[in-house]
file my_file_5.cif (mmCIF, C-alpha atoms and all ligand atoms)
data_query
loop_
_atom_site.label_atom_id
_atom_site.label_comp_id
_atom_site.auth_asym_id
_atom_site.auth_seq_id
_atom_site.Cartn_x
_atom_site.Cartn_y
_atom_site.Cartn_z
CA MET A 20 -155.95 112.03 19.26
CA SER A 21 -155.92 108.29 18.84
CA ASN A 22 -152.13 108.20 18.31
CA PHE A 23 -151.38 109.35 21.82
CA ASN A 24 -151.73 107.50 25.11
CA ILE A 25 -154.65 109.02 26.98
CA GLY A 26 -155.33 109.13 30.71
CA CYS A 27 -153.66 109.07 34.11
CA LEU A 28 -153.73 106.96 37.25
CA PRO A 29 -154.90 108.13 40.69
CA TYR A 30 -152.51 107.50 43.57
CA GLU A 31 -153.76 108.03 47.11
CA VAL A 32 -151.33 108.50 49.96
CA ASN A 33 -151.73 110.19 53.38
CA GLY A 34 -155.10 111.59 52.29
CA LEU A 35 -153.58 113.25 49.21
CA LEU A 36 -154.70 112.34 45.72
CA LEU A 37 -151.90 112.52 43.16
CA LEU A 38 -152.21 111.81 39.44
CA LYS A 39 -149.55 109.79 37.65
CA SER A 40 -148.63 109.00 34.08
CA PRO A 41 -148.59 105.27 33.27
CA LEU A 42 -145.66 105.87 30.87
CA LEU A 43 -143.45 107.32 33.61
CA LEU A 44 -144.68 104.87 36.27
CA GLU A 45 -143.54 102.02 34.04
CA LYS A 46 -140.00 103.41 34.26
CA ASN A 47 -140.21 103.86 38.04
CA ILE A 48 -139.82 107.62 37.77
CA LYS A 49 -141.07 109.47 40.83
CA HIS A 50 -143.46 112.12 39.54
CA GLY A 51 -147.00 113.41 39.82
CA PHE A 52 -149.58 116.13 39.49
CA THR A 53 -151.24 117.25 42.72
CA THR A 54 -154.99 117.69 43.23
CA ARG A 55 -156.83 119.71 45.90
CA LYS A 56 -157.33 116.60 48.03
CA GLY A 57 -155.63 116.52 51.39
CA GLY A 58 -154.32 120.03 52.01
CA ILE A 59 -154.86 122.56 54.80
CA SER A 60 -155.93 125.64 52.81
CA PRO A 61 -159.23 127.23 53.85
CA GLY A 62 -162.24 128.75 52.10
CA LYS A 63 -162.46 129.15 48.38
CA ARG A 64 -159.03 127.67 47.81
CA SER A 65 -159.68 124.79 50.20
CA GLY A 66 -157.29 121.89 49.81
CA LEU A 67 -153.69 121.50 48.76
CA ASN A 68 -153.02 125.01 47.43
CA LEU A 69 -149.44 125.33 46.22
CA SER A 70 -149.59 128.86 44.82
CA PHE A 71 -146.72 130.87 46.29
CA SER A 72 -147.41 134.03 44.34
CA ARG A 73 -151.10 134.75 44.80
CA TYR A 74 -151.05 135.25 48.58
CA ASP A 75 -148.85 137.22 50.93
CA ASP A 76 -148.46 134.46 53.50
CA PRO A 77 -146.08 131.74 52.26
CA SER A 78 -146.75 129.53 55.30
CA GLU A 79 -149.91 128.11 53.69
CA PRO A 80 -148.35 126.68 50.52
CA ILE A 81 -145.27 125.64 52.51
CA SER A 82 -147.49 123.62 54.90
CA ASN A 83 -149.14 121.97 51.92
CA LEU A 84 -145.79 121.34 50.25
CA LYS A 85 -144.62 119.61 53.45
CA LEU A 86 -147.60 117.26 53.15
CA LEU A 87 -146.62 116.48 49.56
CA CYS A 88 -143.00 115.90 50.60
CA GLU A 89 -144.07 113.49 53.37
CA ALA A 90 -146.38 111.63 51.01
CA GLU A 91 -143.82 111.31 48.22
CA LYS A 92 -140.69 111.11 50.41
CA LEU A 93 -139.21 114.26 48.91
CA ASP A 94 -136.89 116.71 50.65
CA MET A 95 -138.04 120.31 50.36
CA LYS A 96 -134.41 121.45 50.16
CA ASP A 97 -134.00 119.43 46.94
CA ILE A 98 -136.95 120.97 45.10
CA VAL A 99 -136.29 123.49 42.32
CA LEU A 100 -139.26 125.57 41.16
CA VAL A 101 -139.58 127.27 37.77
CA ASN A 102 -139.88 131.05 37.90
CA HIS A 103 -142.94 131.26 35.62
CA GLU A 104 -142.91 134.08 33.09
CA HIS A 105 -145.15 132.57 30.36
CA GLY A 106 -142.12 132.35 28.08
CA ASN A 107 -140.15 129.49 26.55
CA THR A 108 -136.79 129.69 28.34
CA ILE A 109 -135.32 126.39 29.56
CA PHE A 110 -132.99 126.41 32.57
CA THR A 111 -130.47 123.63 33.21
CA VAL A 112 -130.57 122.70 36.90
CA GLU A 113 -127.30 121.74 38.61
CA ALA A 114 -126.67 120.47 42.14
CA SER A 115 -125.97 124.04 43.31
CA HIS A 116 -129.56 125.07 42.47
CA ARG A 117 -131.20 122.86 45.10
CA GLY A 118 -134.03 124.67 46.87
CA ARG A 119 -134.22 127.59 44.41
CA GLY A 120 -137.69 129.14 44.44
CA ILE A 121 -138.67 127.18 47.59
CA THR A 122 -136.14 127.44 50.42
CA VAL A 123 -133.74 129.86 48.73
CA GLU A 124 -133.99 132.68 46.15
CA PRO A 125 -135.91 132.07 42.90
CA LEU A 126 -134.22 131.08 39.64
CA PRO A 127 -134.01 133.67 36.86
CA PRO A 128 -137.30 133.77 34.87
CA CYS A 129 -137.86 130.44 33.08
CA ASP A 130 -140.78 128.11 32.35
CA GLY A 131 -138.84 124.91 31.72
CA LEU A 132 -136.30 122.98 33.79
CA ILE A 133 -134.07 120.07 32.80
CA THR A 134 -131.49 118.15 34.82
CA ARG A 135 -129.32 115.07 35.03
CA GLU A 136 -128.68 115.54 38.75
CA ARG A 137 -129.97 112.72 40.91
CA GLY A 138 -132.09 113.57 43.93
CA ILE A 139 -133.33 116.91 42.60
CA THR A 140 -137.07 117.45 42.19
CA LEU A 141 -138.13 119.73 39.33
CA MET A 142 -141.43 121.49 40.01
CA THR A 143 -143.92 123.64 38.07
CA LEU A 144 -147.21 125.23 39.24
CA HIS A 145 -150.53 125.21 37.38
CA SER A 146 -154.04 126.65 37.69
CA ASP A 147 -155.34 125.84 34.14
CA CYS A 148 -152.07 126.09 32.20
CA CYS A 149 -150.75 122.95 30.58
CA GLY A 150 -147.22 121.60 30.94
CA TYR A 151 -144.89 118.65 30.56
CA LEU A 152 -142.95 116.09 32.56
CA MET A 153 -140.18 114.39 30.55
CA TYR A 154 -137.74 111.52 30.99
CA ASP A 155 -135.01 110.18 28.75
CA PRO A 156 -134.01 106.67 29.86
CA LYS A 157 -130.81 106.71 27.73
CA THR A 158 -129.16 109.85 29.12
CA LYS A 159 -130.98 109.57 32.47
CA SER A 160 -132.26 113.11 32.25
CA ILE A 161 -135.58 114.66 33.23
CA GLY A 162 -137.54 117.82 32.51
CA ALA A 163 -140.57 119.77 33.71
CA ALA A 164 -142.24 122.71 31.99
CA HIS A 165 -145.15 125.08 32.42
CA ALA A 166 -147.07 125.87 29.21
CA GLY A 167 -149.80 128.49 29.16
CA TRP A 168 -151.08 129.61 25.77
CA ARG A 169 -148.13 131.95 25.31
CA GLY A 170 -145.51 129.33 26.07
CA THR A 171 -147.40 126.76 24.02
CA LYS A 172 -147.50 129.06 21.00
CA LYS A 173 -143.80 129.81 21.48
CA ARG A 174 -143.26 126.02 21.37
CA ILE A 175 -141.80 125.52 24.82
CA GLY A 176 -142.28 121.77 24.27
CA CYS A 177 -139.91 121.88 21.26
CA ASN A 178 -137.47 123.97 23.29
CA MET A 179 -137.49 121.35 26.03
CA ILE A 180 -136.67 118.57 23.56
CA ASP A 181 -133.99 120.73 21.90
CA ALA A 182 -132.45 121.58 25.27
CA MET A 183 -132.30 117.91 26.31
CA LYS A 184 -130.76 117.13 22.92
CA GLU A 185 -128.17 119.92 22.92
CA ARG A 186 -127.23 119.94 26.59
CA PHE A 187 -127.44 116.20 27.42
CA GLY A 188 -127.23 114.44 24.04
CA ALA A 189 -130.75 112.99 24.34
CA GLU A 190 -132.42 111.65 21.19
CA PRO A 191 -136.07 112.73 20.77
CA GLN A 192 -137.28 109.23 19.85
CA ASN A 193 -136.23 107.98 23.29
CA ILE A 194 -137.87 110.71 25.35
CA LEU A 195 -141.07 109.90 27.27
CA VAL A 196 -143.45 112.79 27.89
CA ALA A 197 -146.51 113.30 30.07
CA VAL A 198 -148.68 116.26 28.98
CA LEU A 199 -150.25 117.60 32.18
CA PRO A 200 -153.92 118.25 33.05
CA SER A 201 -155.15 121.68 31.88
CA ILE A 202 -158.31 123.55 30.97
CA CYS A 203 -159.77 121.47 28.12
CA GLY A 204 -160.67 122.23 24.52
CA ALA A 205 -164.39 122.37 25.35
CA CYS A 206 -163.89 124.96 28.14
CA TYR A 207 -161.04 127.21 27.05
CA GLU A 208 -162.86 130.05 25.36
CA VAL A 209 -160.58 132.65 23.75
CA ASP A 210 -160.82 135.35 21.10
CA GLU A 211 -161.23 133.85 17.67
CA ALA A 212 -158.13 135.71 16.47
CA LEU A 213 -155.99 133.99 19.09
CA ALA A 214 -157.41 130.56 18.24
CA GLU A 215 -156.83 131.21 14.54
CA SER A 216 -153.24 132.17 15.22
CA PHE A 217 -152.82 128.69 16.73
CA LEU A 218 -154.36 127.15 13.62
CA LEU A 219 -151.87 129.09 11.46
CA GLU A 220 -149.00 128.10 13.71
CA PHE A 221 -149.73 124.38 14.09
CA LYS A 222 -151.69 123.72 10.88
CA ASP A 223 -154.03 121.20 12.49
CA GLU A 224 -157.77 121.88 12.77
CA ARG A 225 -158.04 120.11 16.11
CA VAL A 226 -156.19 122.88 17.97
CA MET A 227 -159.34 125.04 17.85
CA LYS A 228 -163.12 124.90 17.56
CA PRO A 229 -164.97 127.99 16.28
CA LYS A 230 -167.80 129.39 18.38
CA ASN A 231 -169.86 132.46 17.55
CA SER A 232 -169.52 136.21 18.13
CA GLY A 233 -165.76 136.34 17.68
CA LYS A 234 -164.95 133.57 20.16
CA ALA A 235 -163.46 130.11 19.78
CA TYR A 236 -162.26 127.20 21.90
CA LEU A 237 -158.57 126.45 22.13
CA ASP A 238 -157.25 122.93 22.78
CA ILE A 239 -154.01 123.71 24.55
CA GLU A 240 -153.32 120.08 25.49
CA TYR A 241 -153.48 119.07 21.85
CA ALA A 242 -151.23 121.98 20.77
CA CYS A 243 -148.74 120.92 23.45
CA ALA A 244 -148.75 117.33 22.19
CA LEU A 245 -148.55 118.25 18.49
CA GLN A 246 -145.34 120.22 18.83
CA LEU A 247 -143.63 117.22 20.40
CA LEU A 248 -144.22 115.29 17.17
CA GLU A 249 -142.53 118.13 15.23
CA SER A 250 -139.51 117.62 17.47
CA GLY A 251 -139.35 113.89 16.76
CA VAL A 252 -140.98 112.50 19.90
CA LEU A 253 -142.89 109.29 19.06
CA PRO A 254 -146.68 109.37 19.59
CA GLU A 255 -146.50 106.14 21.61
CA ASN A 256 -144.11 107.94 23.98
CA ILE A 257 -146.57 110.75 24.67
CA GLN A 258 -149.15 110.48 27.45
CA LEU A 259 -151.95 113.02 27.55
CA MET A 260 -153.11 113.02 31.18
CA HIS A 261 -156.34 114.48 29.82
CA ARG A 262 -158.18 115.96 32.80
CA CYS A 263 -159.98 119.30 32.76
CA THR A 264 -158.97 121.70 35.54
CA MET A 265 -162.00 123.94 34.99
CA GLU A 266 -164.70 121.24 35.00
CA GLU A 267 -163.40 119.11 37.86
CA THR A 268 -164.03 121.58 40.67
CA GLU A 269 -163.46 119.06 43.47
CA LEU A 270 -160.06 118.06 42.16
CA PHE A 271 -158.47 121.12 40.63
CA TYR A 272 -157.94 124.84 41.01
CA SER A 273 -158.83 126.87 37.94
CA TYR A 274 -157.86 130.48 37.32
CA ARG A 275 -160.49 130.75 34.59
CA ARG A 276 -163.17 129.52 37.00
CA ASP A 277 -162.09 131.13 40.28
CA GLY A 278 -159.90 134.09 39.29
CA LEU A 279 -157.75 135.42 42.10
CA ASP A 280 -159.38 132.96 44.54
CA ALA A 281 -157.75 130.07 42.68
CA GLY A 282 -154.94 128.12 44.28
CA ALA A 283 -152.44 126.10 42.26
CA MET A 284 -151.49 122.48 41.65
CA ALA A 285 -147.90 121.30 41.30
CA ALA A 286 -146.28 118.93 38.85
CA TYR A 287 -143.02 117.35 39.95
CA ILE A 288 -140.45 114.83 38.79
CA THR A 289 -137.36 113.41 40.48
CA LEU A 290 -134.42 111.37 39.25
CA SER A 291 -133.81 108.94 42.12
ZN ZN A 301 -163.25 121.30 30.27
#
call {"tool": "encode", "arguments": {"input": "my_file_5.cif", "output": "C-alpha cells", "more": "lines below"}}
Ligand SMILES: [Zn+2]
result
Amino acid sequence: MSNFNIGCLPYEVNGLLLLKSPLLLEKNIKHGFTTRKGGISPGKRSGLNLSFSRYDDPSEPISNLKLLCEAEKLDMKDIVLVNHEHGNTIFTVEASHRGRGITVEPLPPCDGLITRERGITLMTLHSDCCGYLMYDPKTKSIGAAHAGWRGTKKRIGCNMIDAMKERFGAEPQNILVAVLPSICGACYEVDEALAESFLLEFKDERVMKPKNSGKAYLDIEYACALQLLESGVLPENIQLMHRCTMEETELFYSYRRDGLDAGAMAAYITLS
C-alpha cells in the first residue's frame, strides 16, 4: 500500500468529531466523514446516527444532521443524498436536485453522485461499507460514492472516474480521491468463494487473505483504491483514510458488529 497516501485528520467542532482527508483539505474543499461523537441518538446507536432507513422515526437522524450542518455551515436544503442500492450507477446532480433524499423525495436508485454545481453538498451513508470523495481541480467538479462489496466488485470507482470524464471532461490524472473509512481487511470475514472472486477480478493478492474452513478476509479499501489506478488516477492523488469501522467502537457504527442496532456515518463534499 506504500504508493498511496494513508491516514486522515481529526477535526473537532461543536462537540462533533469529523475526519478529513489531507489531500482535499489542501485544496480547501469542504468535506468530511462523520463519527459517532456529538450526536443525540440514544442507546446502542448512541451518538451522531445518520441512518434514515433503519428506523421509522426520521426526526432522530434529522436532528443529528442539523448538528452537522451547524458545525460545517451547510444548508440542509442543499444536501443531495445517494439512494443506496449496492450498485454502480452514477447520477449527475443539477441545481434542481437540491434536497433530494433529505428534504424532498429521494433520487432514483444510485450509489454515486457527481456535480459541478456550486453550493450543493453530495452525501453518502456508511455503516462498514467503503466509498469515495472526489475532486477535480481543473473542471471544478466533485463526486461522492458508496461502495459495499457489490459496488466495489462492479467497479463503482471506475464508473465515477468515467462519469466525471464523459460528463464534465475531467482527466483522471488530475482527480483527487479520498477512500473512506470501512471495515478493514483484518476484520471483514467473507466466504472464501467471494474473496477469491475479488482476486480473479482485481488480480492482486492483497485484496484477500485466506482463513480456514471456507472463510477469508476481504480488503475492500484496497480493492476500492486499486480500481482507481486502472482508471488512470495517480497513486499520489489517492488518500486511504484507513480507519476500521468495526474495531473502533467508540468512533464508528458497524453493521457487521451491531447488526440492526447499527446507526450510520455520513460522508459529504461541497463545492463552495
Ligand atoms: Zn478492522
call {"tool": "closest_atom_pairs", "arguments": {"input": "my_file_5.cif", "of": "stretch 124-214 of chain A", "to": "stretch 37-48 of chain A", "cutoff": "10 Å", "atoms": "all atoms listed in the file", "output": "Markdown table"}}
result
| residue | atom | partner | partner_atom | distance |
| --- | --- | --- | --- | --- |
| A:Leu152 | CA | A:Leu43 | CA | 8.8 |
| A:Met153 | CA | A:Leu43 | CA | 8.4 |
| A:Tyr154 | CA | A:Leu43 | CA | 7.6 |
| A:Pro156 | CA | A:Lys46 | CA | 8.1 |
| A:Ile161 | CA | A:Ile48 | CA | 9.4 |
| A:Leu195 | CA | A:Leu42 | CA | 7.1 |
| A:Val196 | CA | A:Leu42 | CA | 7.9 |
| A:Ala197 | CA | A:Ser40 | CA | 6.3 |
| A:Val198 | CA | A:Ser40 | CA | 8.9 |
| A:Leu199 | CA | A:Ser40 | CA | 9.0 |
| A:Pro200 | CA | A:Leu38 | CA | 9.2 |
call {"tool": "residues_near_ligand", "arguments": {"input": "my_file_5.cif", "ligand": "ligand ZN 301 (chain A)", "cutoff": "8 Å", "atoms": "only C-alpha atoms and all ligand atoms", "output": "list in words"}}
result
Ile202, Cys203, Gly204, Ala205, Cys206, Tyr207, Arg262, Cys263, Thr264, Met265, Glu266 and Glu267 of chain A
call {"tool": "closest_residue", "arguments": {"input": "my_file_5.cif", "among": "A:Arg169, A:Met142, A:Gln246, A:Ile25", "to": "A:Ala214", "atoms": "only C-alpha atoms"}}
result
A:Arg169
call {"tool": "residues_around", "arguments": {"input": "my_file_5.cif", "residues": "A:Val99", "least_positions_apart": "4", "cutoff": "10 Å", "atoms": "only C-alpha atoms", "output": "list in words"}}
result
Met95, Val112, Glu113, His116, Arg117, Gly118, Arg119, Gly120, Ile121, Thr122, Val123, Pro125, Leu126, Leu132, Ile139, Thr140, Leu141, Met142, Thr143 and Tyr287 of chain A
call {"tool": "residues_around", "arguments": {"input": "my_file_5.cif", "residues": "A:Gly170", "least_positions_apart": "3", "cutoff": "7 Å", "atoms": "only C-alpha atoms", "output": "ChimeraX atom specification"}}
result
/A:105-107,166-167,173-175
call {"tool": "residues_around", "arguments": {"input": "my_file_5.cif", "residues": "A:Phe221", "least_positions_apart": "2", "cutoff": "10 Å", "atoms": "all atoms listed in the file", "output": "mmCIF file with C-alpha atoms, keeping the file's coordinate frame"}}
result
data_model
loop_
_atom_site.group_PDB
_atom_site.id
_atom_site.type_symbol
_atom_site.label_atom_id
_atom_site.label_comp_id
_atom_site.auth_asym_id
_atom_site.auth_seq_id
_atom_site.Cartn_x
_atom_site.Cartn_y
_atom_site.Cartn_z
ATOM 1 C CA LYS A 172 -147.500 129.060 21.000
ATOM 2 C CA ARG A 174 -143.260 126.020 21.370
ATOM 3 C CA GLU A 215 -156.830 131.210 14.540
ATOM 4 C CA SER A 216 -153.240 132.170 15.220
ATOM 5 C CA PHE A 217 -152.820 128.690 16.730
ATOM 6 C CA LEU A 218 -154.360 127.150 13.620
ATOM 7 C CA LEU A 219 -151.870 129.090 11.460
ATOM 8 C CA ASP A 223 -154.030 121.200 12.490
ATOM 9 C CA GLU A 224 -157.770 121.880 12.770
ATOM 10 C CA ARG A 225 -158.040 120.110 16.110
ATOM 11 C CA VAL A 226 -156.190 122.880 17.970
ATOM 12 C CA ALA A 242 -151.230 121.980 20.770
ATOM 13 C CA LEU A 245 -148.550 118.250 18.490
ATOM 14 C CA GLN A 246 -145.340 120.220 18.830
ATOM 15 C CA GLU A 249 -142.530 118.130 15.230
#
call {"tool": "atom_distance", "arguments": {"input": "my_file_5.cif", "atom1": "atom CA of A:Leu100", "atom2": "atom CA of A:Lys184"}}
result
21.8 Å
call {"tool": "closest_residue", "arguments": {"input": "my_file_5.cif", "among": "A:Gly57, A:Gly233, A:Gly34, A:Gly138", "to": "A:Asp210", "atoms": "all atoms listed in the file"}}
result
A:Gly233
call {"tool": "residues_near_point", "arguments": {"input": "my_file_5.cif", "point": "(-145.6, 116.3, 37.7)", "cutoff": "7 Å", "atoms": "all atoms listed in the file", "output": "number ranges by chain"}}
result
A: 50-52, 152, 285-288
call {"tool": "atom_distance", "arguments": {"input": "my_file_5.cif", "atom1": "atom CA of A:Ser273", "atom2": "atom CA of A:Trp168"}}
result
14.7 Å
call {"tool": "axis_aligned_box", "arguments": {"input": "my_file_5.cif", "around": "stretch 37-55 of chain A", "padding_each_side": "5 Å", "output": "JSON"}}
result
{"center_x": -148.3, "center_y": 110.9, "center_z": 38.4, "size_x": 27.0, "size_y": 27.7, "size_z": 25.0}
call {"tool": "atom_distance", "arguments": {"input": "my_file_5.cif", "atom1": "atom CA of A:Tyr74", "atom2": "atom CA of A:Phe110"}}
result
25.7 Å
call {"tool": "residues_near_point", "arguments": {"input": "my_file_5.cif", "point": "(-146.4, 125.1, 37.9)", "cutoff": "9 Å", "atoms": "all atoms listed in the file", "output": "list in words"}}
result
Leu69, Ser70, Leu100, Val101, Asn102, His103, Asp130, Met142, Thr143, Leu144, His145, Ser146, Cys148, Cys149, Gly150, Ala163, Ala164, His165, Ala166, Ala283, Met284, Ala285, Ala286 and Tyr287 of chain A
call {"tool": "residues_around", "arguments": {"input": "my_file_5.cif", "residues": "A:Glu211", "least_positions_apart": "5", "cutoff": "10 Å", "atoms": "all atoms listed in the file", "output": "list in words"}}
result
Ser216, Phe217, Met227, Lys228, Pro229, Lys230, Asn231, Ser232, Gly233, Lys234, Ala235, Tyr236 and Leu237 of chain A
call {"tool": "closest_residue", "arguments": {"input": "my_file_5.cif", "among": "A:Ile180, A:Thr289, A:Thr108, A:Gln192", "to": "A:Lys49", "atoms": "all atoms listed in the file"}}
result
A:Thr289
call {"tool": "closest_residue", "arguments": {"input": "my_file_5.cif", "among": "A:Cys88, A:Ser250, A:Gly62, A:Glu136", "to": "A:Pro191", "atoms": "only C-alpha atoms"}}
result
A:Ser250
call {"tool": "closest_residue", "arguments": {"input": "my_file_5.cif", "among": "A:Ile194, A:Leu86, A:Ala212, A:Ala189", "to": "A:Asn256", "atoms": "only C-alpha atoms"}}
result
A:Ile194
call {"tool": "closest_residue", "arguments": {"input": "my_file_5.cif", "among": "A:Arg137, A:Glu269, A:Ala90, A:Glu31", "to": "A:Ser291", "atoms": "all atoms listed in the file"}}
result
A:Arg137
